[in-house]
Amino acid sequence: MEINIPEVVAEVTEQFMRYEKALTTNDVAVLDELFWDSPHTLRYGATEILHGYGEIKAFRAGRSPAGLDRTLLRTVITTYGRDFATANTTFSRAGSDRIGRQSQTWVRLPGLGWRVVAAHVSLMAPQG
């Protein structure tokens, strides 16, 4: 298995950045598109535990668009072969001294392209 094939890393990075833009602008349609429409998909957030695409989609539809802007601090995207990848990032938000962490598992699915199949978001306690 080849790790970090350059063109595959570029593909996943492009989709990751689409997700980031959609997240910070509350583009729910793109966020919904980028998650795999499956009961096997999950998202564990800072305040929610979501199992299945339906729960994730309902969460997105009801989420306030306020306070979504953030600054990415360090992002690591690793690809494994041509169809599996992880994306991990840390982030900060203006007015908060907490550091956020986000992990995503991406899979290239036939006929769909790259989709998030699992995600986790958490916030660390203030440092210092």
# chains A, B, ... in the order shown; residues from 1 in each chain; ligands from 1

$ residues_around --residues "range 18-31 of chain A" --least-positions-apart "5" --cutoff "8 Å" --atoms "only C-alpha atoms" --output "PyMOL selection string"
chain A and resi 60-61+65+68-70

$ closest_atom_pairs --of "range 53-93 of chain A" --to "range 108-119 of chain A" --cutoff "8 Å" --atoms "only C-alpha atoms" --output "tab-separated table"
residue	atom	partner	partner_atom	distance
A:Arg82	CA	A:Arg108	CA	7.8
A:Asp83	CA	A:Arg108	CA	4.7
A:Phe84	CA	A:Arg108	CA	6.4

$ residues_around --residues "Phe91 in chain A" --least-positions-apart "2" --cutoff "10 Å" --atoms "only C-alpha atoms" --output "list of chain:residue names"
A:Arg70, A:Thr71, A:Leu72, A:Leu73, A:Arg74, A:Thr75, A:Thr89, A:Arg93, A:Arg98, A:Ile99, A:Gly100, A:Arg101, A:Gln102, A:Leu123

$ residues_around --residues "Ser38 in chain A" --least-positions-apart "2" --cutoff "6 Å" --atoms "only C-alpha atoms" --output "PyMOL selection string"
chain A and resi 36+40-41+52-53

$ write_last_selection --atoms "C-alpha atoms" --output "mmCIF file, in the first residue's frame"
data_model
loop_
_atom_site.group_PDB
_atom_site.id
_atom_site.type_symbol
_atom_site.label_atom_id
_atom_site.label_comp_id
_atom_site.auth_asym_id
_atom_site.auth_seq_id
_atom_site.Cartn_x
_atom_site.Cartn_y
_atom_site.Cartn_z
ATOM 1 C CA TRP A 36 -21.702 9.457 3.246
ATOM 2 C CA HIS A 40 -22.988 3.518 9.216
ATOM 3 C CA THR A 41 -21.755 7.127 9.136
ATOM 4 C CA GLY A 52 -26.264 7.667 10.792
ATOM 5 C CA TYR A 53 -26.542 10.203 8.028
#

$ residues_around --residues "Thr79 in chain A" --least-positions-apart "4" --cutoff "12 Å" --atoms "only C-alpha atoms" --output "PyMOL selection string"
chain A and resi 1-13+83-88+104-108+114

$ write_last_selection --atoms "N, CA and C atoms" --output "CSV table (one decimal), in the first residue's frame"
chain,number,residue,atom,x,y,z
A,1,MET,N,0.8,-1.2,0.0
A,1,MET,CA,0.0,0.0,0.0
A,1,MET,C,0.9,1.2,0.0
A,2,GLU,N,0.6,2.2,-0.9
A,2,GLU,CA,1.3,3.4,-0.9
A,2,GLU,C,0.7,4.4,0.0
A,3,ILE,N,1.5,5.1,0.7
A,3,ILE,CA,1.1,6.2,1.6
A,3,ILE,C,1.4,7.5,1.0
A,4,ASN,N,0.4,8.4,1.0
A,4,ASN,CA,0.5,9.8,0.5
A,4,ASN,C,0.9,9.9,-0.9
A,5,ILE,N,0.2,9.2,-1.8
A,5,ILE,CA,0.4,9.4,-3.3
A,5,ILE,C,0.0,10.8,-3.5
A,6,PRO,N,0.9,11.6,-4.1
A,6,PRO,CA,0.7,13.1,-4.2
A,6,PRO,C,-0.7,13.5,-4.8
A,7,GLU,N,-1.1,12.8,-5.9
A,7,GLU,CA,-2.4,13.2,-6.5
A,7,GLU,C,-3.6,12.9,-5.6
A,8,VAL,N,-3.5,11.8,-4.8
A,8,VAL,CA,-4.6,11.4,-3.9
A,8,VAL,C,-4.6,12.4,-2.8
A,9,VAL,N,-3.5,12.8,-2.2
A,9,VAL,CA,-3.4,13.8,-1.2
A,9,VAL,C,-4.0,15.1,-1.7
A,10,ALA,N,-3.8,15.5,-2.9
A,10,ALA,CA,-4.3,16.7,-3.5
A,10,ALA,C,-5.9,16.6,-3.6
A,11,GLU,N,-6.4,15.4,-4.0
A,11,GLU,CA,-7.8,15.2,-4.0
A,11,GLU,C,-8.5,15.4,-2.7
A,12,VAL,N,-7.9,14.7,-1.7
A,12,VAL,CA,-8.5,14.7,-0.4
A,12,VAL,C,-8.4,16.1,0.2
A,13,THR,N,-7.3,16.8,0.0
A,13,THR,CA,-7.1,18.2,0.5
A,13,THR,C,-8.1,19.1,-0.1
A,83,ASP,N,-8.0,5.1,-2.0
A,83,ASP,CA,-9.4,5.2,-1.6
A,83,ASP,C,-9.7,5.4,-0.1
A,84,PHE,N,-8.7,5.6,0.7
A,84,PHE,CA,-8.9,5.8,2.1
A,84,PHE,C,-7.9,6.9,2.6
A,85,ALA,N,-8.5,7.8,3.5
A,85,ALA,CA,-7.6,8.9,4.0
A,85,ALA,C,-8.2,9.3,5.4
A,86,THR,N,-7.3,9.9,6.1
A,86,THR,CA,-7.6,10.6,7.4
A,86,THR,C,-7.2,12.1,7.3
A,87,ALA,N,-8.0,12.9,7.9
A,87,ALA,CA,-7.7,14.4,7.9
A,87,ALA,C,-7.9,14.8,9.4
A,88,ASN,N,-6.9,15.3,10.0
A,88,ASN,CA,-6.9,15.7,11.4
A,88,ASN,C,-6.4,17.2,11.4
A,104,GLN,N,-11.3,13.4,10.8
A,104,GLN,CA,-12.3,12.8,9.8
A,104,GLN,C,-11.6,11.6,9.1
A,105,THR,N,-12.5,10.6,8.8
A,105,THR,CA,-12.1,9.5,8.0
A,105,THR,C,-12.8,9.6,6.7
A,106,TRP,N,-12.1,9.7,5.6
A,106,TRP,CA,-12.6,9.8,4.2
A,106,TRP,C,-12.4,8.5,3.4
A,107,VAL,N,-13.4,8.2,2.6
A,107,VAL,CA,-13.3,7.0,1.8
A,107,VAL,C,-13.8,7.4,0.4
A,108,ARG,N,-13.1,7.0,-0.7
A,108,ARG,CA,-13.6,7.2,-2.0
A,108,ARG,C,-14.6,6.1,-2.3
A,114,TRP,N,-15.1,11.2,-2.9
A,114,TRP,CA,-14.7,11.2,-1.5
A,114,TRP,C,-15.8,11.6,-0.6

$ atom_distance --atom1 "CA of Ala66 in chain A" --atom2 "CA of Asp37 in chain A"
25.8 Å

$ residues_around --residues "Asp97 in chain A" --least-positions-apart "6" --cutoff "9 Å" --atoms "only C-alpha atoms" --output "ChimeraX atom specification"
/A:125-127

$ write_last_selection --atoms "N, CA and C atoms" --output "compact mmCIF listing (two decimals), in the first residue's frame"
# COMPACT_ATOMS: atom_id res chain seq x y z
N ALA A 125 -9.46 21.85 27.18
CA ALA A 125 -9.53 22.85 28.23
C ALA A 125 -8.48 23.92 27.96
N PRO A 126 -8.72 25.15 28.39
CA PRO A 126 -7.71 26.20 28.19
C PRO A 126 -6.35 25.78 28.73
N GLN A 127 -5.32 26.11 28.00
CA GLN A 127 -3.95 25.77 28.38
C GLN A 127 -3.35 26.90 29.21

$ select_by_dssp --residues "chain A" --states "helix (DSSP H, G or I)" --output "count of residues only"
37

$ select_by_dssp --residues "range 28-103 of chain A" --states "strand (DSSP E)" --output "JSON, numbers by chain"
{"A": [42, 43, 44, 49, 50, 51, 71, 72, 73, 74, 75, 76, 77, 78, 79, 80, 84, 85, 86, 87, 88, 89, 90, 91, 92, 100, 101, 102, 103]}

$ write_last_selection --atoms "N, CA and C atoms" --output "mmCIF file, in the first residue's frame"
data_model
loop_
_atom_site.group_PDB
_atom_site.id
_atom_site.type_symbol
_atom_site.label_atom_id
_atom_site.label_comp_id
_atom_site.auth_asym_id
_atom_site.auth_seq_id
_atom_site.Cartn_x
_atom_site.Cartn_y
_atom_site.Cartn_z
ATOM 1 N N LEU A 42 -20.927 8.192 11.147
ATOM 2 C CA LEU A 42 -21.104 8.781 12.472
ATOM 3 C C LEU A 42 -20.326 10.074 12.606
ATOM 4 N N ARG A 43 -20.809 10.895 13.527
ATOM 5 C CA ARG A 43 -20.139 12.154 13.853
ATOM 6 C C ARG A 43 -20.294 12.388 15.349
ATOM 7 N N TYR A 44 -19.165 12.426 16.037
ATOM 8 C CA TYR A 44 -19.162 12.753 17.456
ATOM 9 C C TYR A 44 -18.683 14.192 17.569
ATOM 10 N N ILE A 49 -23.717 13.362 19.848
ATOM 11 C CA ILE A 49 -23.313 12.045 19.364
ATOM 12 C C ILE A 49 -24.329 11.672 18.294
ATOM 13 N N LEU A 50 -23.869 11.586 17.052
ATOM 14 C CA LEU A 50 -24.764 11.378 15.920
ATOM 15 C C LEU A 50 -24.407 10.082 15.199
ATOM 16 N N HIS A 51 -25.379 9.193 15.110
ATOM 17 C CA HIS A 51 -25.195 7.921 14.417
ATOM 18 C C HIS A 51 -26.097 7.910 13.207
ATOM 19 N N THR A 71 -9.941 29.438 12.769
ATOM 20 C CA THR A 71 -8.630 29.457 12.124
ATOM 21 C C THR A 71 -8.007 28.078 12.293
ATOM 22 N N LEU A 72 -7.656 27.452 11.178
ATOM 23 C CA LEU A 72 -6.973 26.165 11.252
ATOM 24 C C LEU A 72 -5.540 26.406 11.707
ATOM 25 N N LEU A 73 -5.081 25.574 12.631
ATOM 26 C CA LEU A 73 -3.736 25.732 13.174
ATOM 27 C C LEU A 73 -2.751 24.739 12.572
ATOM 28 N N ARG A 74 -3.154 23.503 12.503
ATOM 29 C CA ARG A 74 -2.283 22.477 11.921
ATOM 30 C C ARG A 74 -3.173 21.376 11.367
ATOM 31 N N THR A 75 -3.003 21.078 10.103
ATOM 32 C CA THR A 75 -3.800 20.050 9.443
ATOM 33 C C THR A 75 -2.874 18.982 8.894
ATOM 34 N N VAL A 76 -3.220 17.727 9.162
ATOM 35 C CA VAL A 76 -2.446 16.596 8.647
ATOM 36 C C VAL A 76 -3.401 15.692 7.881
ATOM 37 N N ILE A 77 -3.153 15.554 6.594
ATOM 38 C CA ILE A 77 -3.945 14.653 5.752
ATOM 39 C C ILE A 77 -3.021 13.517 5.325
ATOM 40 N N THR A 78 -3.475 12.294 5.586
ATOM 41 C CA THR A 78 -2.697 11.117 5.222
ATOM 42 C C THR A 78 -3.586 10.208 4.393
ATOM 43 N N THR A 79 -3.073 9.765 3.248
ATOM 44 C CA THR A 79 -3.824 8.841 2.405
ATOM 45 C C THR A 79 -3.164 7.472 2.450
ATOM 46 N N TYR A 80 -4.011 6.459 2.346
ATOM 47 C CA TYR A 80 -3.578 5.059 2.406
ATOM 48 C C TYR A 80 -4.103 4.399 1.137
ATOM 49 N N PHE A 84 -8.652 5.648 0.678
ATOM 50 C CA PHE A 84 -8.861 5.807 2.114
ATOM 51 C C PHE A 84 -7.925 6.899 2.629
ATOM 52 N N ALA A 85 -8.467 7.769 3.504
ATOM 53 C CA ALA A 85 -7.645 8.866 4.029
ATOM 54 C C ALA A 85 -8.156 9.312 5.392
ATOM 55 N N THR A 86 -7.254 9.937 6.130
ATOM 56 C CA THR A 86 -7.643 10.605 7.365
ATOM 57 C C THR A 86 -7.239 12.069 7.262
ATOM 58 N N ALA A 87 -8.046 12.923 7.867
ATOM 59 C CA ALA A 87 -7.744 14.356 7.937
ATOM 60 C C ALA A 87 -7.914 14.769 9.395
ATOM 61 N N ASN A 88 -6.868 15.300 9.963
ATOM 62 C CA ASN A 88 -6.881 15.748 11.357
ATOM 63 C C ASN A 88 -6.410 17.188 11.397
ATOM 64 N N THR A 89 -7.110 18.001 12.177
ATOM 65 C CA THR A 89 -6.732 19.398 12.270
ATOM 66 C C THR A 89 -6.988 19.918 13.669
ATOM 67 N N THR A 90 -6.261 20.953 14.018
ATOM 68 C CA THR A 90 -6.553 21.707 15.229
ATOM 69 C C THR A 90 -6.977 23.091 14.789
ATOM 70 N N PHE A 91 -7.783 23.748 15.637
ATOM 71 C CA PHE A 91 -8.293 25.065 15.247
ATOM 72 C C PHE A 91 -8.538 25.925 16.476
ATOM 73 N N SER A 92 -8.645 27.234 16.223
ATOM 74 C CA SER A 92 -8.997 28.181 17.280
ATOM 75 C C SER A 92 -10.122 29.066 16.767
ATOM 76 N N GLY A 100 -9.567 23.550 19.467
ATOM 77 C CA GLY A 100 -10.429 22.495 18.965
ATOM 78 C C GLY A 100 -9.624 21.468 18.190
ATOM 79 N N ARG A 101 -10.173 20.251 18.176
ATOM 80 C CA ARG A 101 -9.558 19.160 17.421
ATOM 81 C C ARG A 101 -10.632 18.511 16.564
ATOM 82 N N GLN A 102 -10.288 18.212 15.339
ATOM 83 C CA GLN A 102 -11.234 17.571 14.427
ATOM 84 C C GLN A 102 -10.533 16.439 13.694
ATOM 85 N N SER A 103 -11.169 15.275 13.677
ATOM 86 C CA SER A 103 -10.664 14.121 12.930
ATOM 87 C C SER A 103 -11.739 13.665 11.965
#

$ atom_distance --atom1 "CA of Ile56 in chain A" --atom2 "CA of Ser96 in chain A"
25.5 Å

$ atom_distance --atom1 "CA of Gly81 in chain A" --atom2 "CA of Asp32 in chain A"
25.3 Å
